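Data block for entry-v1.tsv (TSV, C-alpha atoms):
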```tsv
chain	number	residue	atom	x	y	z
A	1397	THR	CA	-102.71	46.55	53.55
A	1398	ILE	CA	-105.51	45.33	51.30
A	1399	GLU	CA	-104.56	43.24	48.26
A	1400	GLY	CA	-107.69	43.15	46.13
A	1401	ASN	CA	-106.43	40.75	43.45
A	1402	GLY	CA	-108.66	42.56	40.93
A	1403	ALA	CA	-111.87	42.05	42.94
A	1404	THR	CA	-114.79	44.49	42.77
A	1405	VAL	CA	-116.55	45.68	45.90
A	1406	THR	CA	-120.30	45.86	45.35
A	1407	TYR	CA	-122.70	48.41	46.74
A	1408	SER	CA	-125.71	47.40	48.79
A	1409	ALA	CA	-128.57	49.76	49.58
A	1410	SER	CA	-129.36	47.76	52.70
A	1411	LYS	CA	-128.65	49.02	56.18
A	1412	VAL	CA	-126.11	47.38	58.41
A	1413	PRO	CA	-127.10	46.55	62.03
A	1414	ASP	CA	-126.03	49.97	63.38
A	1415	GLY	CA	-128.47	51.64	60.95
A	1416	LYS	CA	-125.82	53.27	58.76
A	1417	ASP	CA	-125.82	52.88	55.01
A	1418	ASN	CA	-123.75	49.98	53.75
A	1419	PHE	CA	-121.71	51.85	51.13
A	1420	ASN	CA	-118.62	50.55	49.37
A	1421	ARG	CA	-116.13	52.60	51.32
A	1422	ILE	CA	-113.53	52.57	54.00
A	1423	ALA	CA	-114.82	55.28	56.32
A	1424	ILE	CA	-113.09	57.27	59.00
A	1425	GLU	CA	-115.71	58.54	61.43
A	1426	ASN	CA	-115.70	62.16	62.62
A	1427	SER	CA	-115.05	61.03	66.18
A	1428	VAL	CA	-111.81	59.22	65.27
A	1429	THR	CA	-108.72	60.70	66.88
A	1430	PHE	CA	-105.63	58.83	65.74
A	1431	THR	CA	-103.19	58.13	68.56
A	1432	ASP	CA	-100.37	57.46	66.09
A	1433	ASP	CA	-99.60	57.80	62.38
A	1434	VAL	CA	-101.73	55.52	60.19
A	1435	THR	CA	-100.88	54.03	56.77
A	1436	LEU	CA	-103.44	52.33	54.53
A	1437	THR	CA	-102.27	50.56	51.37
A	1438	ILE	CA	-104.80	49.31	48.81
A	1439	LYS	CA	-103.76	47.45	45.64
A	1440	ASN	CA	-105.75	46.07	42.71
A	1441	LEU	CA	-109.22	46.71	44.14
A	1442	ASN	CA	-112.20	48.11	42.23
A	1443	ASN	CA	-115.20	50.21	43.26
A	1444	ILE	CA	-113.92	51.23	46.67
A	1445	SER	CA	-113.40	54.63	48.25
A	1446	VAL	CA	-111.61	56.03	51.26
A	1447	TRP	CA	-113.42	58.91	52.84
A	1448	GLY	CA	-114.23	60.60	56.09
A	1449	TYR	CA	-113.36	63.19	58.68
A	1450	ARG	CA	-110.72	62.85	61.34
A	1451	LYS	CA	-109.37	64.82	64.28
A	1452	THR	CA	-105.69	64.31	64.89
A	1453	GLU	CA	-102.24	65.81	64.88
A	1454	HIS	CA	-100.92	62.60	63.32
A	1455	THR	CA	-100.33	61.71	59.67
A	1456	PHE	CA	-102.71	59.64	57.55
A	1457	THR	CA	-100.93	58.02	54.58
A	1458	LEU	CA	-102.92	56.44	51.77
A	1459	ASN	CA	-101.17	54.36	49.12
A	1460	MET	CA	-103.41	53.18	46.26
A	1461	THR	CA	-102.16	51.34	43.18
A	1462	ASN	CA	-104.15	50.01	40.23
A	1463	CYS	CA	-107.56	50.70	41.76
A	1464	SER	CA	-110.75	51.80	40.07
A	1465	LEU	CA	-112.97	54.12	42.05
A	1466	VAL	CA	-115.84	54.33	39.60
A	1467	GLY	CA	-118.97	54.07	41.70
A	1468	GLU	CA	-122.48	52.89	41.13
A	1469	ASP	CA	-124.25	56.04	42.34
A	1470	ASP	CA	-123.82	59.70	43.26
A	1471	ASN	CA	-123.41	59.34	47.01
A	1472	ALA	CA	-120.20	59.87	48.97
A	1473	THR	CA	-118.56	56.81	47.49
A	1474	SER	CA	-116.08	56.48	44.63
A	1475	ARG	CA	-113.46	58.94	45.76
A	1476	VAL	CA	-110.61	59.73	48.10
A	1477	TYR	CA	-111.84	62.39	50.52
A	1478	ILE	CA	-110.19	62.85	53.90
A	1479	SER	CA	-110.84	66.02	55.87
A	1480	THR	CA	-108.89	66.83	59.01
A	1481	SER	CA	-112.10	68.26	60.50
A	1482	GLY	CA	-110.25	71.05	62.25
A	1483	GLY	CA	-107.15	69.03	63.10
A	1484	ASN	CA	-103.65	69.81	61.96
A	1485	GLY	CA	-102.47	66.34	61.02
A	1486	GLN	CA	-101.11	65.69	57.57
A	1487	ASN	CA	-102.65	63.71	54.71
A	1488	LYS	CA	-100.23	61.92	52.40
A	1489	TYR	CA	-101.79	60.49	49.25
A	1490	HIS	CA	-99.79	58.33	46.83
A	1491	LEU	CA	-102.25	57.38	44.08
A	1492	ASN	CA	-100.85	55.46	41.11
A	1493	GLN	CA	-102.56	54.01	38.03
A	1494	CYS	CA	-106.07	54.49	39.41
A	1495	THR	CA	-109.34	55.57	37.82
A	1496	PHE	CA	-111.60	57.97	39.70
A	1497	SER	CA	-115.11	59.25	39.04
A	1498	HIS	CA	-117.24	61.35	41.38
A	1499	PRO	CA	-119.84	64.05	40.57
A	1500	VAL	CA	-118.18	66.70	42.77
A	1501	ALA	CA	-114.49	65.93	43.48
A	1502	SER	CA	-112.69	62.63	42.94
A	1503	ILE	CA	-109.70	63.50	45.14
A	1504	PHE	CA	-109.93	65.91	48.10
A	1505	SER	CA	-107.70	66.93	50.99
A	1506	ASP	CA	-107.78	69.96	53.27
A	1507	ALA	CA	-104.54	69.20	55.10
A	1508	ALA	CA	-100.86	69.86	54.79
A	1509	GLY	CA	-98.77	66.92	53.61
A	1510	GLU	CA	-98.38	65.35	50.17
A	1511	VAL	CA	-100.66	64.68	47.24
A	1512	ASN	CA	-98.94	62.57	44.58
A	1513	VAL	CA	-101.21	61.47	41.72
A	1514	THR	CA	-99.45	59.56	38.93
A	1515	ASP	CA	-100.80	57.98	35.73
A	1516	CYS	CA	-104.42	58.23	36.91
A	1517	GLN	CA	-107.66	58.88	35.03
A	1518	ILE	CA	-110.21	61.35	36.37
A	1519	LEU	CA	-113.61	60.86	34.74
A	1520	GLY	CA	-116.21	63.60	35.13
A	1521	GLY	CA	-117.08	65.66	38.16
A	1522	VAL	CA	-117.03	69.37	38.88
A	1523	THR	CA	-113.44	69.33	40.17
A	1524	GLY	CA	-111.21	66.34	39.53
A	1525	ILE	CA	-108.64	67.09	42.22
A	1526	ASN	CA	-109.53	69.61	44.94
A	1527	ILE	CA	-106.78	70.48	47.42
A	1528	SER	CA	-107.75	73.16	49.95
A	1529	ASN	CA	-105.06	73.39	52.61
A	1530	LYS	CA	-106.58	74.74	55.84
A	1531	SER	CA	-103.84	73.60	58.22
A	1532	THR	CA	-102.21	75.94	60.66
A	1533	SER	CA	-98.87	74.13	60.38
A	1534	GLY	CA	-96.90	72.01	57.94
A	1535	ASP	CA	-96.03	72.21	54.26
A	1536	LEU	CA	-98.03	70.99	51.29
A	1537	SER	CA	-96.49	69.27	48.27
A	1538	VAL	CA	-98.62	68.46	45.21
A	1539	VAL	CA	-97.34	66.40	42.25
A	1540	ILE	CA	-99.69	65.42	39.43
A	1541	ASP	CA	-97.98	63.56	36.59
A	1542	GLY	CA	-99.22	61.65	33.56
A	1543	CYS	CA	-102.91	61.98	34.46
A	1544	THR	CA	-105.88	62.44	32.11
A	1545	PHE	CA	-109.03	64.42	32.88
A	1546	THR	CA	-112.21	63.67	30.90
A	1547	ASP	CA	-115.56	65.48	30.99
A	1548	ILE	CA	-114.84	67.78	33.92
A	1549	MET	CA	-118.08	69.81	34.22
A	1550	GLN	CA	-118.72	73.47	34.37
A	1551	SER	CA	-121.05	74.51	37.17
A	1552	GLU	CA	-123.22	77.60	37.47
A	1553	ASP	CA	-123.67	76.78	41.15
A	1554	LYS	CA	-121.27	79.09	42.96
A	1555	GLU	CA	-120.84	76.46	45.68
A	1556	TYR	CA	-118.62	74.50	43.30
A	1557	TYR	CA	-115.31	75.39	41.73
A	1558	ALA	CA	-115.23	73.85	38.28
A	1559	ALA	CA	-111.68	72.92	37.26
A	1560	PRO	CA	-109.70	69.76	36.55
A	1561	ILE	CA	-107.28	70.68	39.35
A	1562	ARG	CA	-107.92	73.17	42.14
A	1563	ILE	CA	-105.21	73.98	44.69
A	1564	VAL	CA	-105.89	76.62	47.34
A	1565	SER	CA	-104.11	77.41	50.55
A	1566	GLU	CA	-106.14	78.95	53.32
A	1567	ALA	CA	-103.48	77.97	55.83
A	1568	ALA	CA	-102.75	80.30	58.69
A	1569	GLY	CA	-99.01	80.37	59.16
```

Hey, can you dump this file as structure tokens for me?
Amino acid sequence: TIEGNGATVTYSASKVPDGKDNFNRIAIENSVTFTDDVTLTIKNLNNISVWGYRKTEHTFTLNMTNCSLVGEDDNATSRVYISTSGGNGQNKYHLNQCTFSHPVASIFSDAAGEVNVTDCQILGGVTGINISNKSTSGDLSVVIDGCTFTDIMQSEDKEYYAAPIRIVSEAAG
């Protein structure tokens, strides 16, 4: 659990000792295989993101309340983006009273599980919320309530799907 007490995480263009960019994010590396269910709770923290790729059959739960994910640049920060990277584990998002802004998608999941977004603001981007279930097992529940979407872009680039909310199931099974 991270209690931010209203603090703002700042971005630094410097490199950390391992040579990776020092972005304002909590990253899950592609090589991570959870050995158990994981829950991350973040409250009252600004300019942070949770993003990455994981391989697991376990559940990743993210609880965010009163956070602002409005980033300083157009890189992979300022959003919630967790891909199962070919795994079948579930993502469970519980996002409440948060502000998101990302040029492509502010909230993304490709797993079964839950996506609950309540009283949030989505500012800009091609797709505000992009849910693309690719799991081979498990159900998906999506609840979006009391949210506002502002300046969601249209894109002529066929790579992007311009819409405030996009929900697709490519699940086999």

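Note that the spacing between atom CA of A:Val1513 and atom CA of A:Thr1406 amounts to 24.9 Å.
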
For stretch 1484-1490 of chain A: contacts at 6 Å, all atoms listed in the file, fewer than 6 positions along chain excluded, given as a VMD selection string: chain A and resid 1452 to 1459 1507 to 1512 1531

For atom CA of A:Ile1422 and atom CA of A:Ala1559, determine how far apart the two atoms are, in Å to one decimal place.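 Going from atom CA of A:Ile1422 over to atom CA of A:Ala1559 covers 26.4 Å.
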
Point out the residue among A:Pro1560, A:Gly1400, A:Gly1448, A:Pro1499 with the least atom-to-atom distance to A:Gly1521, counting only C-alpha atoms. A:Pro1499

Could you jot down the atom CA of A:Cys1463 to atom CA of A:Gln1517 separation for me, Å, one decimal place? 10.6 Å

Return the single residue from A:Phe1504, A:Tyr1449, A:Phe1430, A:Phe1496 that is closest to A:Val1466, with distances computed using all atoms listed in the file.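 Smallest separation from A:Val1466 among the options: A:Phe1496.
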
Selected residue of minimal separation from A:Val1405 among A:Ile1444, A:Ile1424, A:Cys1543, A:Leu1465, counting all atoms listed in the file: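 Nearest to A:Val1405: A:Ile1444.
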
From the options A:Ser1505, A:Val1539, A:Met1549, A:Gly1524, which residue's atoms come nearest to A:Ile1478, counting only C-alpha atoms? A:Ser1505

Need to verify the contact set: A:Thr1514, 6 Å, all atoms listed in the file, exclusion of same-chain residues closer than 2 positions in sequence. Can you return it as number ranges by chain? A: 1492, 1516, 1540-1542

Please enclose the listed atoms of stretch 1538-1551 of chain A in an axis-aligned box, pad each side by 5 Å, and write out the centre and the three edge lengths in Å, rounded to one decimal, as AutoDock Vina command-line options.
```
--center_x -109.2 --center_y 68.1 --center_z 38.1 --size_x 33.7 --size_y 22.9 --size_z 24.3
```

When distances are computed from all atoms listed in the file, which of A:Val1564, A:Val1500, A:Val1434, A:Met1460 shows the smallest separation from A:Ile1548? A:Val1500

Identify which of the residues A:Asn1401, A:Thr1431, A:Ser1533, A:Thr1523 lies closest to A:Thr1461, counting only C-alpha atoms when measuring atom-to-atom distances.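 The answer is A:Asn1401, which sits nearest to A:Thr1461.
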